[in-house]
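Below is one structure, written out as structure tokens; comments come after it.
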Amino acid sequence: NKYGVDVIFLGFGENGHMAFNDPDVADFNDPKTVKVVDLDDICRQQQVNDGCFGHINEVPKQAMTLTLSCIMNVAHAICTVPTDRKANAVLNALTGPVTTACPASILRNHPDAELYLDAASASLLPETL
């Protein structure tokens, strides 16, 4: 797309993934825009926890995803992260190192990203950040 993407809406997964870029497949310098990835069990269980599937055996083992390099090239990123199940991912993304072990941590390097948390997802954060 010669005009680029103006805005993306996304969230964090319980394991810190963004757009199905789980820690074991995350690549901050991926040359692709979209790719097929294998979903780890934590990500697959989250799909059950979110009510998308009744049992982990119903969750596909692969998904198509935007790559992290694609996400980082979108002009404006709006990220919402609700529930206490994602509190560890929020803590790691905001206070840990920027690493593929927590793919969401890369948003700290985005030039125009907004992060919206509820009280539950922010519950492990220090009072001053």
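Residues in the structure tokens are numbered from 1 in each chain, the chains being A, B, ... in the order shown, and ligands are numbered from 1 in the order shown.
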request  = Mind listing the alpha helix (DSSP H) residues of region 13-109 of chain A, per DSSP on the backbone, as a list in words?
outcome  =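 Answer for region 13-109 of chain A restricted to alpha helix (DSSP H) is Asp41, Ile42, Cys43, Arg44, Gln45, Gln46, Gln47, Val48, Asn49, Leu68, Ser69, Cys70, Ile71, Met72, Ala87, Asn88, Ala89, Val90, Leu91, Asn92, Ala93, Leu94 and Thr95 of chain A.
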query = Near region 59-68 of chain A, within 8 Å and counting only C-alpha atoms, which residues show up once chain neighbours fewer than 5 positions away are dropped, as a ChimeraX atom specification?
reply = /A:18-21,26-30,32-40,44,47-48,53,103
task = Go ahead and compute the interatomic distance for CA of Gly54 (chain A) and CA of His17 (chain A), in Å to one decimal.
result =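 The value is 21.2 Å.
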request  = List every residue of chain A that DSSP, applied to the backbone of this structure, assigns to strand (DSSP E or B), and report them as number ranges by chain.
outcome  = A: 7-10, 18, 21, 34-38, 62-66, 76-81, 99, 102, 113-117
Would you save the residues from that selection as a JSON list (two decimals), in the first residue's frame, using N, CA, C and O atoms?
[["chain", "number", "residue", "atom", "x", "y", "z"],
["A", 7, "VAL", "N", -4.00, 3.97, 11.21],
["A", 7, "VAL", "CA", -4.29, 3.59, 12.60],
["A", 7, "VAL", "C", -4.51, 2.09, 12.71],
["A", 7, "VAL", "O", -5.00, 1.46, 11.77],
["A", 8, "ILE", "N", -4.09, 1.56, 13.84],
["A", 8, "ILE", "CA", -4.33, 0.15, 14.14],
["A", 8, "ILE", "C", -4.87, 0.07, 15.57],
["A", 8, "ILE", "O", -4.45, 0.82, 16.45],
["A", 9, "PHE", "N", -5.84, -0.83, 15.76],
["A", 9, "PHE", "CA", -6.39, -1.11, 17.08],
["A", 9, "PHE", "C", -5.94, -2.51, 17.46],
["A", 9, "PHE", "O", -6.10, -3.45, 16.69],
["A", 10, "LEU", "N", -5.36, -2.66, 18.64],
["A", 10, "LEU", "CA", -4.85, -3.95, 19.04],
["A", 10, "LEU", "C", -4.86, -4.08, 20.55],
["A", 10, "LEU", "O", -5.28, -3.18, 21.26],
["A", 18, "MET", "N", 1.16, -9.80, 20.64],
["A", 18, "MET", "CA", 0.33, -8.85, 19.91],
["A", 18, "MET", "C", 0.05, -9.45, 18.55],
["A", 18, "MET", "O", 0.97, -9.93, 17.88],
["A", 21, "ASN", "N", 1.56, -12.71, 17.53],
["A", 21, "ASN", "CA", 3.01, -12.81, 17.55],
["A", 21, "ASN", "C", 3.41, -13.26, 18.95],
["A", 21, "ASN", "O", 3.75, -12.45, 19.82],
["A", 34, "VAL", "N", 2.46, -9.80, 6.64],
["A", 34, "VAL", "CA", 1.54, -10.80, 7.18],
["A", 34, "VAL", "C", 2.24, -12.15, 7.10],
["A", 34, "VAL", "O", 2.99, -12.41, 6.15],
["A", 35, "LYS", "N", 1.99, -13.00, 8.09],
["A", 35, "LYS", "CA", 2.56, -14.35, 8.05],
["A", 35, "LYS", "C", 1.66, -15.32, 8.80],
["A", 35, "LYS", "O", 0.80, -14.91, 9.59],
["A", 36, "VAL", "N", 1.85, -16.59, 8.55],
["A", 36, "VAL", "CA", 1.17, -17.65, 9.28],
["A", 36, "VAL", "C", 2.07, -18.05, 10.44],
["A", 36, "VAL", "O", 3.28, -18.24, 10.26],
["A", 37, "VAL", "N", 1.49, -18.16, 11.63],
["A", 37, "VAL", "CA", 2.27, -18.52, 12.81],
["A", 37, "VAL", "C", 1.62, -19.69, 13.53],
["A", 37, "VAL", "O", 0.41, -19.91, 13.45],
["A", 38, "ASP", "N", 2.45, -20.44, 14.25],
["A", 38, "ASP", "CA", 1.96, -21.48, 15.14],
["A", 38, "ASP", "C", 1.59, -20.80, 16.46],
["A", 38, "ASP", "O", 2.38, -20.00, 16.99],
["A", 62, "GLN", "N", -2.79, -22.70, 14.19],
["A", 62, "GLN", "CA", -2.12, -21.67, 13.41],
["A", 62, "GLN", "C", -3.07, -20.51, 13.17],
["A", 62, "GLN", "O", -4.29, -20.67, 13.22],
["A", 63, "ALA", "N", -2.48, -19.35, 12.90],
["A", 63, "ALA", "CA", -3.27, -18.16, 12.57],
["A", 63, "ALA", "C", -2.47, -17.28, 11.62],
["A", 63, "ALA", "O", -1.24, -17.35, 11.57],
["A", 64, "MET", "N", -3.18, -16.45, 10.88],
["A", 64, "MET", "CA", -2.52, -15.41, 10.09],
["A", 64, "MET", "C", -2.41, -14.18, 10.98],
["A", 64, "MET", "O", -3.33, -13.88, 11.76],
["A", 65, "THR", "N", -1.30, -13.48, 10.88],
["A", 65, "THR", "CA", -1.09, -12.32, 11.73],
["A", 65, "THR", "C", -0.34, -11.23, 10.99],
["A", 65, "THR", "O", 0.44, -11.50, 10.07],
["A", 66, "LEU", "N", -0.57, -10.00, 11.42],
["A", 66, "LEU", "CA", 0.31, -8.91, 11.01],
["A", 66, "LEU", "C", 1.61, -9.09, 11.78],
["A", 66, "LEU", "O", 1.60, -9.50, 12.94],
["A", 76, "HIS", "N", -0.39, 5.35, 13.80],
["A", 76, "HIS", "CA", -0.94, 5.53, 15.15],
["A", 76, "HIS", "C", -1.46, 4.19, 15.66],
["A", 76, "HIS", "O", -2.27, 3.55, 14.99],
["A", 77, "ALA", "N", -1.02, 3.78, 16.84],
["A", 77, "ALA", "CA", -1.44, 2.51, 17.44],
["A", 77, "ALA", "C", -2.26, 2.80, 18.69],
["A", 77, "ALA", "O", -1.82, 3.54, 19.57],
["A", 78, "ILE", "N", -3.45, 2.22, 18.74],
["A", 78, "ILE", "CA", -4.32, 2.32, 19.91],
["A", 78, "ILE", "C", -4.48, 0.92, 20.47],
["A", 78, "ILE", "O", -4.95, 0.02, 19.80],
["A", 79, "CYS", "N", -4.07, 0.76, 21.73],
["A", 79, "CYS", "CA", -4.02, -0.56, 22.34],
["A", 79, "CYS", "C", -4.86, -0.57, 23.61],
["A", 79, "CYS", "O", -4.66, 0.28, 24.48],
["A", 80, "THR", "N", -5.80, -1.50, 23.69],
["A", 80, "THR", "CA", -6.59, -1.68, 24.90],
["A", 80, "THR", "C", -6.28, -3.05, 25.50],
["A", 80, "THR", "O", -6.18, -4.03, 24.78],
["A", 81, "VAL", "N", -6.11, -3.07, 26.82],
["A", 81, "VAL", "CA", -5.74, -4.31, 27.49],
["A", 81, "VAL", "C", -6.57, -4.44, 28.77],
["A", 81, "VAL", "O", -6.21, -3.89, 29.80],
["A", 99, "THR", "N", 11.82, -6.83, 24.53],
["A", 99, "THR", "CA", 12.31, -8.13, 24.10],
["A", 99, "THR", "C", 11.18, -8.95, 23.49],
["A", 99, "THR", "O", 10.01, -8.76, 23.84],
["A", 102, "CYS", "N", 8.47, -10.75, 25.54],
["A", 102, "CYS", "CA", 7.19, -10.05, 25.74],
["A", 102, "CYS", "C", 7.01, -9.14, 24.53],
["A", 102, "CYS", "O", 7.39, -7.96, 24.56],
["A", 113, "ALA", "N", 1.87, 5.71, 20.06],
["A", 113, "ALA", "CA", 1.02, 4.63, 20.57],
["A", 113, "ALA", "C", 0.33, 5.10, 21.85],
["A", 113, "ALA", "O", 0.91, 5.83, 22.65],
["A", 114, "GLU", "N", -0.92, 4.69, 21.99],
["A", 114, "GLU", "CA", -1.69, 4.95, 23.20],
["A", 114, "GLU", "C", -2.08, 3.62, 23.80],
["A", 114, "GLU", "O", -2.49, 2.70, 23.09],
["A", 115, "LEU", "N", -1.97, 3.51, 25.12],
["A", 115, "LEU", "CA", -2.29, 2.27, 25.82],
["A", 115, "LEU", "C", -3.39, 2.57, 26.83],
["A", 115, "LEU", "O", -3.25, 3.47, 27.67],
["A", 116, "TYR", "N", -4.48, 1.82, 26.75],
["A", 116, "TYR", "CA", -5.61, 1.97, 27.67],
["A", 116, "TYR", "C", -5.76, 0.70, 28.49],
["A", 116, "TYR", "O", -5.90, -0.39, 27.94],
["A", 117, "LEU", "N", -5.69, 0.86, 29.81],
["A", 117, "LEU", "CA", -5.78, -0.27, 30.74],
["A", 117, "LEU", "C", -7.00, -0.09, 31.63],
["A", 117, "LEU", "O", -7.42, 1.04, 31.89]]
query = What is the CA of Asp41 (chain A) to CA of Thr100 (chain A) distance in Å?
reply =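 These atoms are spaced 17.0 Å apart.
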ask   = Any idea what the distance is between CA of Ile71 (chain A) and CA of Gly11 (chain A)?
value =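 Going from CA of Ile71 (chain A) over to CA of Gly11 (chain A) covers 11.6 Å.
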inquiry  = Nearest residue to Val25 (chain A) out of A:Arg108, A:Ala101, A:Leu124, A:Leu91, using only C-alpha atoms?
reply    =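 Among A:Arg108, A:Ala101, A:Leu124, A:Leu91, it is A:Ala101 that comes nearest to Val25 (chain A).
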message = Taking 6 positions as the minimum chain separation for residues in the same chain, which residues sit within 9 Å of Met72 (chain A) when counting only C-alpha atoms? Answer as a list in words.
response =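 Non-adjacent residues within range: Phe28, Ile106, Leu107, Asn109, His110 and Pro111 of chain A.
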query = Neighbours of Thr128 (chain A) within 12 Å (only C-alpha atoms; same-chain residues fewer than 3 positions away dropped), as an MDAnalysis selection string?
reply = chainID A and resid 94:95 122 124:125
Store the residues picked out above in a file with all heavy atoms, as a PDB file, in the first residue's frame.
ATOM      1  N   LEU A  94       5.609  -2.915  30.162  1.00  0.00           N
ATOM      2  CA  LEU A  94       5.903  -1.535  30.548  1.00  0.00           C
ATOM      3  C   LEU A  94       7.125  -1.370  31.438  1.00  0.00           C
ATOM      4  O   LEU A  94       7.710  -0.289  31.481  1.00  0.00           O
ATOM      5  CB  LEU A  94       4.692  -0.910  31.235  1.00  0.00           C
ATOM      6  CG  LEU A  94       3.442  -0.782  30.366  1.00  0.00           C
ATOM      7  CD1 LEU A  94       2.320  -0.121  31.150  1.00  0.00           C
ATOM      8  CD2 LEU A  94       3.740  -0.011  29.089  1.00  0.00           C
ATOM      9  N   THR A  95       7.521  -2.419  32.149  1.00  0.00           N
ATOM     10  CA  THR A  95       8.634  -2.253  33.090  1.00  0.00           C
ATOM     11  C   THR A  95       9.819  -3.164  32.810  1.00  0.00           C
ATOM     12  O   THR A  95      10.893  -2.946  33.360  1.00  0.00           O
ATOM     13  CB  THR A  95       8.169  -2.484  34.544  1.00  0.00           C
ATOM     14  OG1 THR A  95       7.772  -3.853  34.706  1.00  0.00           O
ATOM     15  CG2 THR A  95       7.008  -1.564  34.911  1.00  0.00           C
ATOM     16  N   ALA A 122      -3.984  -3.176  35.119  1.00  0.00           N
ATOM     17  CA  ALA A 122      -2.935  -2.301  35.650  1.00  0.00           C
ATOM     18  C   ALA A 122      -2.580  -2.634  37.095  1.00  0.00           C
ATOM     19  O   ALA A 122      -1.713  -1.988  37.689  1.00  0.00           O
ATOM     20  CB  ALA A 122      -3.393  -0.847  35.564  1.00  0.00           C
ATOM     21  N   LEU A 124      -0.803  -4.744  38.741  1.00  0.00           N
ATOM     22  CA  LEU A 124       0.553  -5.094  39.172  1.00  0.00           C
ATOM     23  C   LEU A 124       1.570  -3.976  38.931  1.00  0.00           C
ATOM     24  O   LEU A 124       2.737  -4.103  39.332  1.00  0.00           O
ATOM     25  CB  LEU A 124       1.024  -6.365  38.456  1.00  0.00           C
ATOM     26  CG  LEU A 124       0.184  -7.617  38.712  1.00  0.00           C
ATOM     27  CD1 LEU A 124       0.751  -8.797  37.919  1.00  0.00           C
ATOM     28  CD2 LEU A 124       0.144  -7.937  40.194  1.00  0.00           C
ATOM     29  N   LEU A 125       1.141  -2.900  38.316  1.00  0.00           N
ATOM     30  CA  LEU A 125       2.064  -1.795  38.019  1.00  0.00           C
ATOM     31  C   LEU A 125       2.412  -1.020  39.277  1.00  0.00           C
ATOM     32  O   LEU A 125       1.578  -0.860  40.173  1.00  0.00           O
ATOM     33  CB  LEU A 125       1.441  -0.842  36.997  1.00  0.00           C
ATOM     34  CG  LEU A 125       1.249  -1.400  35.597  1.00  0.00           C
ATOM     35  CD1 LEU A 125       0.495  -0.387  34.720  1.00  0.00           C
ATOM     36  CD2 LEU A 125       2.585  -1.752  34.967  1.00  0.00           C
TER      37      LEU A 125
END
inquiry  = Please determine, counting only C-alpha atoms, which residue among A:Ala104, A:Cys70, A:Val90, A:Val98 has the shortest atom-to-atom distance to Ala119 (chain A).
reply    =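 Among the listed residues, the smallest separation from Ala119 (chain A) belongs to A:Val90.
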request  = Find the residue from A:Asn92, A:Cys52, A:Arg85, A:Ser105 that sits nearest to Ala120 (chain A); use only C-alpha atoms when measuring.
outcome  = A:Arg85
request  = Tell me, as a VMD selection string, which residues lie within 9 Å of Gly4 (chain A), counting only C-alpha atoms; anything in the same chain fewer than 4 positions away does not count.
outcome  = chain A and resid 73 to 75
Please produce a file of the residues just selected, as a compact mmCIF listing (two decimals), in the first residue's frame, where the atoms kept are all heavy atoms.
# COMPACT_ATOMS: atom_id res chain seq x y z
N ASN A 73 5.15 0.08 11.96
CA ASN A 73 5.14 1.05 10.86
C ASN A 73 3.79 1.71 10.64
O ASN A 73 3.66 2.58 9.78
CB ASN A 73 5.61 0.38 9.57
CG ASN A 73 7.12 0.25 9.56
OD1 ASN A 73 7.84 1.20 9.83
ND2 ASN A 73 7.60 -0.95 9.30
N VAL A 74 2.78 1.34 11.43
CA VAL A 74 1.49 2.00 11.35
C VAL A 74 1.62 3.36 12.05
O VAL A 74 2.26 3.47 13.10
CB VAL A 74 0.39 1.14 12.02
CG1 VAL A 74 -0.91 1.89 12.14
CG2 VAL A 74 0.20 -0.14 11.23
N ALA A 75 1.03 4.38 11.47
CA ALA A 75 1.21 5.74 12.00
C ALA A 75 0.76 5.90 13.45
O ALA A 75 1.44 6.53 14.25
CB ALA A 75 0.46 6.73 11.10
